[in-house]
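*Asks:* First the structure, which I've put down as structure tokens, then a few questions once you've had a look.
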Amino acid sequence: MDFNYQSERFADLQLLRYRLNGFEKLSLRQKIFVYYLAKATLFGRDITFDQYGKYNLRIRKMLEVIYSDLTINRQTDDFKALEIYLKRVWFSNGIYHHYGCEKFEPGFSSEYLERVLHQVDVRRLPLREGETLEQFCHELFPVIFDENILPKRVNKVDGEDLVMTSACNFYDNITQQEAEEFYAQMKQEHADDKAPQSYGLNSTLVKENNIVKERVWSSEGLYANAIRHIIYWLEKALDVAENDHQKRIIALLIKYYQSGDLDIFNEYCIEWVGEHDATIDFINGFIEVYGDPLGLKGSWEGLVEYIDEEATYRTQTISQNAQWFEDHSPVDPRFRKPVVKGVSANVICAAMLGGEEYPSTAIGINLPNADWIRAQYGSKSITISNITDAYNKAAHGNGFKEEFVINQDTLSLIEKYGDICDDLHTDLHECLGHGSGQLLPGVDPDALKAYGNTIEEARADLFGLYYIADQKLVELGLTPDMEAYKSQYYTYMMNGLMTQLIRITPGHQIEEAHMRNRALIAHWCYENGSAIQLVKHEGKTYVEISDYVALRELIARLLAEVQRIKSEGDFEAARELVERYAVKVDPELHNEVLERYKHLNLAPYKGFINPQLLPVYDKNGDICDIQVYYGESYAHQMLRYSTEYGTLI
């Protein structure tokens, strides 16, 4: 029986499934190790919900109580709208769109919600001690129904107070100026540190009695109950780790979770990036900072993975030649690394997604994020093969390329080379792009502030785009010929100039860092040369690339400038580049793209239902196997997770 990648669809979302290819070939000890790490991954879910908004957990619980109450009429339009709203909350880890960050508009009325809340058992609702149902509604209803209250999870509009206007739960009663001054002072006090901390990464910044201070996330601080459960499963995983080095890594992570000490987190990152012998690896913690408008606070995420041996040849070839790529980069030699250290890259299979990586996940990851650790110890890159495979299988024959690609010749080029070059660009982006370059001495890694994430993603994408067109990749056997790269250039520019607009609400600007990055690159190349044109055929707009060689030269110029901005910490140049090329949307083109996409009847966003890992026990009560079950429905999985892994409400 064929594996069914596609599952449920609602709103602008499509749920997919991913296979654990080769899982059956792992040893029993390795399977148990994956299982324990998976449990540690799932216990971080409530943290992510709370980080994404202070009301998210209570709203989720309230909606789940209503949804699970079989006495409520499920056939009304209001209930069906509430069901979709809840499914969107599950998908986005809260009431804000996972990509655009705008608050969801409920399709049901406040009157309906109040009415059904009076029907359910009030003891099941997340009321605080002494709180009445009326008080509960008075607090939560404006957050859900008033579009002017906490309208965006992350606001990046230039000129506004990004902290006060963002609903993410990293700051409490704090202004942007106060936050920036607090961490600037902290960095100044530790200016001589040779191993600087990732200041602010694992804390909520609060103001109490007019004093600004941090409340650290640890097993003895904020999120303690969730973190203690994570630690419990990490301790079990430690006992079945693949080698002693891996045991040291897990022990350091546990110690960090117990203390919240960012110096220990640095030790953990250094040990983690140096582990290359194990088949199984994981990400677990407060990692990426895209959810913070200031780019400081780490959202919780989890991923359990094992190596895809066959596909890893590609990434290992890249990493083994990392010094050649660095030496031949078109950037100022001052900004290149004289010696590239510790660059490793694997193609992996995801075994479990959690936190910020679930249900929507990245297809490639490069860590750790600290620039000084990258420079001294290197980085690890992964490309997630079973996730990209699921995307490709789900997209096959959906009509998207036929609608937006300019002609049959270009379409044939993309059909021939597209999958190869998509994976390769991801590898180049993660393995070499993020790992390339260096800051000049004394430059603050956070100097670009709110623009830092966009500039960093643009830098990595440009590095990948520049080298995917290089003869070196043909010599290494990574591309079949010098025509292949054109498929990537075309789809990338088409996406940056046009098709990613399907993810933007009419009247809105581009705010998500990865979308800004793609728009920046495409619009800069479009406006600073003649290699790309927007042309009309039969009333439809298409991207036309008339000179691929010239386009690569433009990419080289922009890469040099973006690397300079990063290396010198040039905030004003970053601001000008992003605001000019990466933010604004042409409303006429936007409307056209949305209309054309609408006729395809596709969902612009996709996410995943996790497989269920089921331990099998022998007569002595010991685990004798781990079975993989793919049949769980989206709603069942989400309700089960809220029950089994609900730790903060």
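Labeling convention for the structure tokens: chains A, B, ... as they appear, residues from 1 per chain, ligands from 1 in order of appearance.
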As number ranges by chain, please: the residues near A:Val628 (cut-off 9 Å, only C-alpha atoms, same-chain neighbours under 3 positions excluded).

*Replies:* A: 20, 23, 611-615

*Asks:* At a cut-off of 9 Å, using only C-alpha atoms, what residues contact A:Leu205? Leave out same-chain residues fewer than 4 positions from it and give the result as a PyMOL selection string.

*Replies:* chain A and resi 170-174+179+200+212-216

*Asks:* I need the chosen residues saved as an mmCIF file, in the first residue's frame, with C-alpha atoms.

*Replies:*
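Just written: again25.cif:
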data_model
loop_
_atom_site.group_PDB
_atom_site.id
_atom_site.type_symbol
_atom_site.label_atom_id
_atom_site.label_comp_id
_atom_site.auth_asym_id
_atom_site.auth_seq_id
_atom_site.Cartn_x
_atom_site.Cartn_y
_atom_site.Cartn_z
ATOM 1 C CA PHE A 170 9.319 37.763 25.995
ATOM 2 C CA TYR A 171 8.913 41.177 27.629
ATOM 3 C CA ASP A 172 6.585 42.342 30.388
ATOM 4 C CA ASN A 173 5.947 46.053 30.907
ATOM 5 C CA ILE A 174 9.135 46.874 28.982
ATOM 6 C CA ALA A 179 15.300 46.370 26.607
ATOM 7 C CA GLY A 200 18.858 37.351 26.892
ATOM 8 C CA VAL A 212 14.310 45.937 34.892
ATOM 9 C CA LYS A 213 15.458 42.361 35.410
ATOM 10 C CA GLU A 214 15.430 38.895 33.849
ATOM 11 C CA ARG A 215 13.319 35.935 34.870
ATOM 12 C CA VAL A 216 15.295 32.944 33.620
#

*Asks:* Report the residues of stretch 496-570 of chain A whose backbone DSSP state falls under strand (DSSP E), written as an mmCIF file with N, CA and C atoms, in the first residue's frame.

*Replies:*
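Below is the file states_36.cif, written as the result:
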data_model
loop_
_atom_site.group_PDB
_atom_site.id
_atom_site.type_symbol
_atom_site.label_atom_id
_atom_site.label_comp_id
_atom_site.auth_asym_id
_atom_site.auth_seq_id
_atom_site.Cartn_x
_atom_site.Cartn_y
_atom_site.Cartn_z
ATOM 1 N N ILE A 532 16.918 40.529 -15.343
ATOM 2 C CA ILE A 532 15.569 40.059 -15.030
ATOM 3 C C ILE A 532 14.560 41.093 -15.507
ATOM 4 N N GLN A 533 13.477 40.601 -16.091
ATOM 5 C CA GLN A 533 12.370 41.470 -16.463
ATOM 6 C C GLN A 533 11.057 40.855 -15.973
ATOM 7 N N LEU A 534 10.088 41.714 -15.741
ATOM 8 C CA LEU A 534 8.704 41.281 -15.550
ATOM 9 C C LEU A 534 7.961 41.590 -16.842
ATOM 10 N N VAL A 535 7.417 40.563 -17.470
ATOM 11 C CA VAL A 535 6.787 40.730 -18.780
ATOM 12 C C VAL A 535 5.335 40.247 -18.711
ATOM 13 N N LYS A 536 4.529 40.721 -19.659
ATOM 14 C CA LYS A 536 3.118 40.353 -19.728
ATOM 15 C C LYS A 536 2.872 39.450 -20.934
ATOM 16 N N HIS A 537 2.146 38.353 -20.704
ATOM 17 C CA HIS A 537 1.672 37.485 -21.777
ATOM 18 C C HIS A 537 0.203 37.202 -21.525
ATOM 19 N N LYS A 540 -1.158 38.201 -18.193
ATOM 20 C CA LYS A 540 -0.534 37.657 -16.990
ATOM 21 C C LYS A 540 0.937 38.080 -16.908
ATOM 22 N N THR A 541 1.395 38.319 -15.683
ATOM 23 C CA THR A 541 2.781 38.731 -15.451
ATOM 24 C C THR A 541 3.660 37.505 -15.226
ATOM 25 N N TYR A 542 4.837 37.536 -15.841
ATOM 26 C CA TYR A 542 5.803 36.450 -15.677
ATOM 27 C C TYR A 542 7.188 37.038 -15.446
ATOM 28 N N VAL A 543 8.025 36.266 -14.762
ATOM 29 C CA VAL A 543 9.440 36.598 -14.632
ATOM 30 C C VAL A 543 10.176 36.057 -15.859
ATOM 31 N N GLU A 544 11.004 36.894 -16.428
ATOM 32 C CA GLU A 544 11.846 36.477 -17.557
ATOM 33 C C GLU A 544 13.301 36.766 -17.211
ATOM 34 N N ILE A 545 14.140 35.773 -17.316
ATOM 35 C CA ILE A 545 15.577 35.970 -17.101
ATOM 36 C C ILE A 545 16.258 35.904 -18.457
#

*Asks:* So which bits of stretch 441-517 of chain A end up alpha helix (DSSP H) when you DSSP the backbone, as a compact mmCIF listing (two decimals) with all heavy atoms, in the first residue's frame?

*Replies:*
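Writing done, so here's states17.txt:
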# COMPACT_ATOMS: atom_id res chain seq x y z
N GLY A 452 18.77 42.09 11.71
CA GLY A 452 19.82 41.08 11.71
C GLY A 452 19.38 39.76 11.11
O GLY A 452 20.14 39.14 10.34
N ASN A 453 18.17 39.30 11.43
CA ASN A 453 17.72 38.01 10.90
C ASN A 453 17.58 38.03 9.39
O ASN A 453 17.99 37.09 8.70
CB ASN A 453 16.37 37.63 11.53
CG ASN A 453 16.50 37.29 13.01
OD1 ASN A 453 17.55 36.85 13.46
ND2 ASN A 453 15.44 37.49 13.76
N THR A 454 17.02 39.11 8.86
CA THR A 454 16.85 39.21 7.40
C THR A 454 18.20 39.25 6.70
O THR A 454 18.40 38.57 5.68
CB THR A 454 16.03 40.47 7.04
OG1 THR A 454 14.73 40.35 7.62
CG2 THR A 454 15.91 40.63 5.54
N ILE A 455 19.12 40.04 7.22
CA ILE A 455 20.45 40.14 6.60
C ILE A 455 21.17 38.80 6.65
O ILE A 455 21.81 38.38 5.67
CB ILE A 455 21.28 41.25 7.29
CG1 ILE A 455 20.70 42.63 6.98
CG2 ILE A 455 22.74 41.17 6.87
CD1 ILE A 455 20.73 43.03 5.51
N GLU A 456 21.07 38.09 7.77
CA GLU A 456 21.74 36.80 7.88
C GLU A 456 21.16 35.78 6.92
O GLU A 456 21.90 35.01 6.28
CB GLU A 456 21.66 36.29 9.31
CG GLU A 456 22.25 34.90 9.53
CD GLU A 456 23.71 34.77 9.13
OE1 GLU A 456 24.42 35.80 9.07
OE2 GLU A 456 24.15 33.64 8.84
N GLU A 457 19.84 35.74 6.78
CA GLU A 457 19.23 34.80 5.83
C GLU A 457 19.58 35.18 4.39
O GLU A 457 19.81 34.29 3.55
CB GLU A 457 17.72 34.76 6.03
CG GLU A 457 17.28 34.14 7.34
CD GLU A 457 17.77 32.72 7.52
OE1 GLU A 457 17.85 31.97 6.53
OE2 GLU A 457 18.11 32.35 8.66
N ALA A 458 19.63 36.46 4.10
CA ALA A 458 20.01 36.90 2.75
C ALA A 458 21.46 36.51 2.46
O ALA A 458 21.79 36.07 1.34
CB ALA A 458 19.84 38.41 2.62
N ARG A 459 22.31 36.67 3.44
CA ARG A 459 23.73 36.31 3.27
C ARG A 459 23.87 34.83 2.92
O ARG A 459 24.60 34.45 1.99
CB ARG A 459 24.47 36.63 4.56
CG ARG A 459 25.98 36.59 4.48
CD ARG A 459 26.57 37.00 5.83
NE ARG A 459 26.38 35.97 6.82
CZ ARG A 459 27.25 34.98 7.05
NH1 ARG A 459 28.36 34.90 6.34
NH2 ARG A 459 27.01 34.08 7.99
N ALA A 460 23.15 33.97 3.65
CA ALA A 460 23.24 32.54 3.40
C ALA A 460 22.64 32.16 2.05
O ALA A 460 23.19 31.32 1.32
CB ALA A 460 22.55 31.78 4.53
N ASP A 461 21.51 32.77 1.70
CA ASP A 461 20.89 32.48 0.41
C ASP A 461 21.77 32.94 -0.74
O ASP A 461 21.92 32.24 -1.76
CB ASP A 461 19.52 33.17 0.31
CG ASP A 461 18.37 32.21 0.58
OD1 ASP A 461 18.63 31.02 0.86
OD2 ASP A 461 17.20 32.64 0.50
N LEU A 462 22.34 34.13 -0.62
CA LEU A 462 23.22 34.65 -1.68
C LEU A 462 24.44 33.76 -1.87
O LEU A 462 24.87 33.51 -3.01
CB LEU A 462 23.64 36.08 -1.35
CG LEU A 462 22.56 37.14 -1.52
CD1 LEU A 462 22.93 38.41 -0.76
CD2 LEU A 462 22.33 37.45 -3.00
N PHE A 463 25.01 33.28 -0.78
CA PHE A 463 26.16 32.38 -0.87
C PHE A 463 25.78 31.13 -1.66
O PHE A 463 26.50 30.69 -2.55
CB PHE A 463 26.62 32.00 0.54
CG PHE A 463 28.03 31.50 0.63
CD1 PHE A 463 29.07 32.35 0.97
CD2 PHE A 463 28.33 30.18 0.37
CE1 PHE A 463 30.38 31.89 1.06
CE2 PHE A 463 29.63 29.70 0.45
CZ PHE A 463 30.67 30.56 0.79
N GLY A 464 24.61 30.57 -1.34
CA GLY A 464 24.15 29.39 -2.05
C GLY A 464 23.86 29.67 -3.51
O GLY A 464 24.20 28.87 -4.39
N LEU A 465 23.22 30.81 -3.80
CA LEU A 465 22.91 31.16 -5.19
C LEU A 465 24.18 31.40 -6.01
O LEU A 465 24.26 31.00 -7.17
CB LEU A 465 22.02 32.40 -5.22
CG LEU A 465 20.58 32.22 -4.75
CD1 LEU A 465 19.90 33.57 -4.56
CD2 LEU A 465 19.80 31.35 -5.73
N TYR A 466 25.14 32.04 -5.40
CA TYR A 466 26.39 32.31 -6.13
C TYR A 466 27.09 31.01 -6.51
O TYR A 466 27.52 30.81 -7.65
CB TYR A 466 27.31 33.18 -5.28
CG TYR A 466 28.65 33.44 -5.94
CD1 TYR A 466 28.75 34.34 -6.99
CD2 TYR A 466 29.80 32.78 -5.52
CE1 TYR A 466 29.97 34.58 -7.62
CE2 TYR A 466 31.02 33.00 -6.13
CZ TYR A 466 31.10 33.90 -7.18
OH TYR A 466 32.31 34.11 -7.81
N TYR A 467 27.19 30.09 -5.57
CA TYR A 467 27.97 28.88 -5.82
C TYR A 467 27.22 27.79 -6.56
O TYR A 467 27.84 26.92 -7.17
CB TYR A 467 28.54 28.34 -4.51
CG TYR A 467 29.83 29.02 -4.14
CD1 TYR A 467 29.93 29.78 -2.98
CD2 TYR A 467 30.95 28.94 -4.97
CE1 TYR A 467 31.12 30.42 -2.64
CE2 TYR A 467 32.14 29.58 -4.65
CZ TYR A 467 32.22 30.32 -3.49
OH TYR A 467 33.39 30.96 -3.16
N ILE A 468 25.90 27.82 -6.56
CA ILE A 468 25.18 26.78 -7.28
C ILE A 468 25.42 26.90 -8.79
O ILE A 468 25.23 25.93 -9.54
CB ILE A 468 23.67 26.81 -6.95
CG1 ILE A 468 23.04 25.44 -7.25
CG2 ILE A 468 22.95 27.93 -7.69
CD1 ILE A 468 21.63 25.29 -6.71
N GLN A 471 31.26 26.20 -11.72
CA GLN A 471 31.78 25.00 -12.37
C GLN A 471 32.29 23.99 -11.35
O GLN A 471 32.28 22.77 -11.59
CB GLN A 471 32.92 25.39 -13.33
CG GLN A 471 33.61 24.23 -14.02
CD GLN A 471 32.72 23.51 -15.02
OE1 GLN A 471 31.86 24.13 -15.63
NE2 GLN A 471 32.92 22.20 -15.17
N LYS A 472 32.70 24.48 -10.18
CA LYS A 472 33.22 23.61 -9.13
C LYS A 472 32.19 22.55 -8.74
O LYS A 472 32.56 21.40 -8.43
CB LYS A 472 33.59 24.44 -7.90
CG LYS A 472 34.19 23.65 -6.74
CD LYS A 472 35.59 23.18 -7.03
CE LYS A 472 36.26 22.60 -5.80
NZ LYS A 472 37.63 22.12 -6.07
N LEU A 473 30.91 22.90 -8.76
CA LEU A 473 29.88 21.94 -8.36
C LEU A 473 29.73 20.82 -9.40
O LEU A 473 29.42 19.68 -9.03
CB LEU A 473 28.54 22.65 -8.16
CG LEU A 473 28.48 23.67 -7.02
CD1 LEU A 473 27.04 24.05 -6.72
CD2 LEU A 473 29.13 23.15 -5.75
N VAL A 474 29.97 21.14 -10.65
CA VAL A 474 29.97 20.10 -11.68
C VAL A 474 31.16 19.18 -11.47
O VAL A 474 31.05 17.95 -11.54
CB VAL A 474 29.99 20.72 -13.10
CG1 VAL A 474 30.01 19.61 -14.17
CG2 VAL A 474 28.79 21.63 -13.31
N GLU A 475 32.33 19.77 -11.19
CA GLU A 475 33.54 18.99 -10.96
C GLU A 475 33.38 18.05 -9.76
O GLU A 475 33.91 16.93 -9.76
CB GLU A 475 34.74 19.93 -10.72
CG GLU A 475 35.10 20.77 -11.93
CD GLU A 475 36.15 21.82 -11.60
OE1 GLU A 475 36.70 21.77 -10.47
OE2 GLU A 475 36.41 22.69 -12.45
N TYR A 485 21.85 25.03 -12.74
CA TYR A 485 21.65 26.14 -11.80
C TYR A 485 20.55 27.09 -12.25
O TYR A 485 19.93 27.78 -11.43
CB TYR A 485 22.96 26.91 -11.60
CG TYR A 485 23.29 27.90 -12.70
CD1 TYR A 485 22.89 29.23 -12.60
CD2 TYR A 485 24.00 27.51 -13.83
CE1 TYR A 485 23.19 30.15 -13.60
CE2 TYR A 485 24.30 28.41 -14.83
CZ TYR A 485 23.90 29.73 -14.72
OH TYR A 485 24.19 30.63 -15.71
N LYS A 486 20.30 27.14 -13.56
CA LYS A 486 19.30 28.08 -14.09
C LYS A 486 17.91 27.78 -13.52
O LYS A 486 17.10 28.70 -13.34
CB LYS A 486 19.28 28.03 -15.61
CG LYS A 486 20.58 28.51 -16.25
CD LYS A 486 20.54 28.40 -17.76
CE LYS A 486 21.87 28.84 -18.38
NZ LYS A 486 21.86 28.70 -19.86
N SER A 487 17.63 26.51 -13.23
CA SER A 487 16.33 26.17 -12.65
C SER A 487 16.17 26.84 -11.29
O SER A 487 15.10 27.34 -10.94
CB SER A 487 16.18 24.66 -12.52
OG SER A 487 17.04 24.13 -11.53
N GLN A 488 17.25 26.85 -10.49
CA GLN A 488 17.20 27.48 -9.16
C GLN A 488 17.10 28.99 -9.27
O GLN A 488 16.34 29.62 -8.53
CB GLN A 488 18.42 27.09 -8.33
CG GLN A 488 18.39 27.58 -6.90
CD GLN A 488 17.29 26.93 -6.08
OE1 GLN A 488 16.78 25.88 -6.43
NE2 GLN A 488 16.88 27.56 -4.99
N TYR A 489 17.86 29.58 -10.18
CA TYR A 489 17.80 31.02 -10.37
C TYR A 489 16.38 31.45 -10.74
O TYR A 489 15.85 32.45 -10.24
CB TYR A 489 18.79 31.47 -11.44
CG TYR A 489 20.19 31.72 -10.93
CD1 TYR A 489 20.65 31.10 -9.77
CD2 TYR A 489 21.07 32.57 -11.60
CE1 TYR A 489 21.94 31.32 -9.30
CE2 TYR A 489 22.35 32.79 -11.15
CZ TYR A 489 22.79 32.18 -10.00
OH TYR A 489 24.06 32.41 -9.54
N TYR A 490 15.76 30.70 -11.65
CA TYR A 490 14.43 31.10 -12.10
C TYR A 490 13.41 30.97 -10.97
O TYR A 490 12.66 31.91 -10.69
CB TYR A 490 13.97 30.29 -13.31
CG TYR A 490 12.71 30.88 -13.90
CD1 TYR A 490 12.77 31.88 -14.86
CD2 TYR A 490 11.46 30.49 -13.43
CE1 TYR A 490 11.62 32.47 -15.35
CE2 TYR A 490 10.30 31.08 -13.91
CZ TYR A 490 10.38 32.07 -14.87
OH TYR A 490 9.24 32.67 -15.34
N THR A 491 13.35 29.82 -10.32
CA THR A 491 12.33 29.63 -9.28
C THR A 491 12.57 30.56 -8.10
O THR A 491 11.61 31.04 -7.48
CB THR A 491 12.30 28.17 -8.80
OG1 THR A 491 13.61 27.77 -8.37
CG2 THR A 491 11.81 27.24 -9.90
N TYR A 492 13.83 30.86 -7.80
CA TYR A 492 14.12 31.76 -6.68
C TYR A 492 13.63 33.18 -6.99
O TYR A 492 12.97 33.82 -6.15
CB TYR A 492 15.62 31.79 -6.37
CG TYR A 492 15.92 32.48 -5.06
CD1 TYR A 492 16.09 31.75 -3.90
CD2 TYR A 492 16.01 33.87 -4.98
CE1 TYR A 492 16.34 32.38 -2.68
CE2 TYR A 492 16.26 34.50 -3.78
CZ TYR A 492 16.43 33.76 -2.63
OH TYR A 492 16.66 34.39 -1.43
N MET A 493 13.94 33.67 -8.18
CA MET A 493 13.54 35.03 -8.54
C MET A 493 12.02 35.12 -8.73
O MET A 493 11.40 36.12 -8.35
CB MET A 493 14.27 35.48 -9.82
CG MET A 493 15.77 35.56 -9.66
SD MET A 493 16.25 36.74 -8.35
CE MET A 493 17.93 36.20 -8.00
N MET A 494 11.42 34.09 -9.28
CA MET A 494 9.97 34.06 -9.41
C MET A 494 9.31 34.12 -8.02
O MET A 494 8.33 34.84 -7.82
CB MET A 494 9.53 32.80 -10.15
CG MET A 494 8.03 32.68 -10.35
SD MET A 494 7.55 31.18 -11.25
CE MET A 494 7.77 29.94 -9.94
N ASN A 495 9.87 33.40 -7.08
CA ASN A 495 9.34 33.39 -5.72
C ASN A 495 9.51 34.76 -5.06
O ASN A 495 8.57 35.32 -4.49
CB ASN A 495 10.03 32.30 -4.91
CG ASN A 495 9.37 32.06 -3.56
OD1 ASN A 495 8.20 32.37 -3.37
ND2 ASN A 495 10.12 31.50 -2.64
N GLY A 496 10.72 35.30 -5.13
CA GLY A 496 11.00 36.57 -4.46
C GLY A 496 10.24 37.75 -5.05
O GLY A 496 9.83 38.65 -4.31
N LEU A 497 10.04 37.74 -6.36
CA LEU A 497 9.34 38.85 -7.02
C LEU A 497 7.83 38.69 -7.03
O LEU A 497 7.10 39.68 -7.00
CB LEU A 497 9.83 38.99 -8.47
CG LEU A 497 11.25 39.52 -8.66
CD1 LEU A 497 11.66 39.39 -10.12
CD2 LEU A 497 11.35 40.98 -8.22
N ALA A 513 11.13 37.24 8.27
CA ALA A 513 12.54 37.43 7.90
C ALA A 513 12.93 36.69 6.63
O ALA A 513 13.64 37.23 5.77
CB ALA A 513 13.44 37.00 9.05
N HIS A 514 12.48 35.43 6.47
CA HIS A 514 12.85 34.67 5.28
C HIS A 514 12.20 35.24 4.02
O HIS A 514 12.81 35.26 2.95
CB HIS A 514 12.47 33.20 5.46
CG HIS A 514 13.19 32.52 6.57
ND1 HIS A 514 12.80 32.64 7.89
CD2 HIS A 514 14.28 31.70 6.57
CE1 HIS A 514 13.62 31.94 8.65
NE2 HIS A 514 14.52 31.36 7.89
N MET A 515 10.96 35.70 4.15
CA MET A 515 10.30 36.32 3.01
C MET A 515 10.96 37.65 2.65
O MET A 515 11.13 37.98 1.47
CB MET A 515 8.81 36.53 3.32
CG MET A 515 8.01 35.25 3.40
SD MET A 515 6.25 35.55 3.68
CE MET A 515 5.76 36.18 2.08
N ARG A 516 11.33 38.41 3.65
CA ARG A 516 12.04 39.67 3.40
C ARG A 516 13.37 39.40 2.69
O ARG A 516 13.75 40.12 1.76
CB ARG A 516 12.29 40.41 4.71
CG ARG A 516 11.09 41.16 5.25
CD ARG A 516 11.47 42.02 6.45
NE ARG A 516 10.40 42.95 6.77
CZ ARG A 516 10.51 43.96 7.63
NH1 ARG A 516 11.66 44.15 8.28
NH2 ARG A 516 9.49 44.77 7.86
N ASN A 517 14.04 38.36 3.13
CA ASN A 517 15.32 38.00 2.51
C ASN A 517 15.15 37.71 1.03
O ASN A 517 15.89 38.21 0.18
CB ASN A 517 15.88 36.80 3.27
CG ASN A 517 16.56 35.77 2.42
OD1 ASN A 517 17.42 36.06 1.61
ND2 ASN A 517 16.14 34.52 2.57

*Asks:* Counting only C-alpha atoms, which residue out of A:Ile307, A:Ala531, A:Ile363, A:Ala81 sits closest to A:Tyr391?

*Replies:*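 Among A:Ile307, A:Ala531, A:Ile363, A:Ala81, it is A:Ile363 that comes nearest to A:Tyr391.
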
*Asks:* As an exercise, work out the distance from atom CA of A:Ser68 to atom CA of A:Asn56 in Å and give it to one decimal place.

*Replies:*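 Result for atom CA of A:Ser68 versus atom CA of A:Asn56: 18.1 Å, one decimal.
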
*Asks:* With only C-alpha atoms as the counted atoms, please give the residues lying no more than 10 Å from A:Leu201, apart from itself and same-chain residues fewer than 3 positions off, as a list in words.

*Replies:*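 Listed by chain and then number, they are Phe170, Gln197, Ser198, Thr204, Val216, Trp217, Gly260, Leu262, Phe286, Ile287, Glu288, Val289, Asp292, Gly295, Leu296, Lys297, Gly298 and Ser299 of chain A.
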
*Asks:* Using atom CA of A:Val443 and atom CA of A:Ala191 as the two end points, give the distance in Å to one decimal.

*Replies:*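 A separation of 11.0 Å between them.
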
*Asks:* Applying 7 Å and only C-alpha atoms, which residues near A:Ile365 remain after dropping the ones on its own chain fewer than 6 positions away? List them as a list in words.

*Replies:*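 Answer for this query is Ser381, Ile382, Thr383 and Glu430 of chain A.
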
*Asks:* Find, counting only C-alpha atoms, the residue in A:Asp427, A:Ala522, A:Arg17, A:Trp324 that gets nearest to A:Tyr581.

*Replies:*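 That would be A:Ala522, the residue with the smallest distance to A:Tyr581.
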
*Asks:* One decimal, in Å: what's the spacing between atom CA of A:Phe182 and atom CA of A:Ile270?

*Replies:*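 Atom-to-atom, atom CA of A:Phe182 and atom CA of A:Ile270 are spaced 26.9 Å apart.
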
*Asks:* Closest to A:His425 among A:Val578, A:Leu594, A:Leu439, A:Leu478, using only C-alpha atoms?

*Replies:* A:Leu478

*Asks:* Can you work out which one of A:Thr76, A:Arg58, A:Glu208, A:Ala362 has the shortest atom-to-atom distance to A:Val143, counting only C-alpha atoms?

*Replies:*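 Going through A:Thr76, A:Arg58, A:Glu208, A:Ala362 one by one, the smallest distance to A:Val143 is for A:Arg58.
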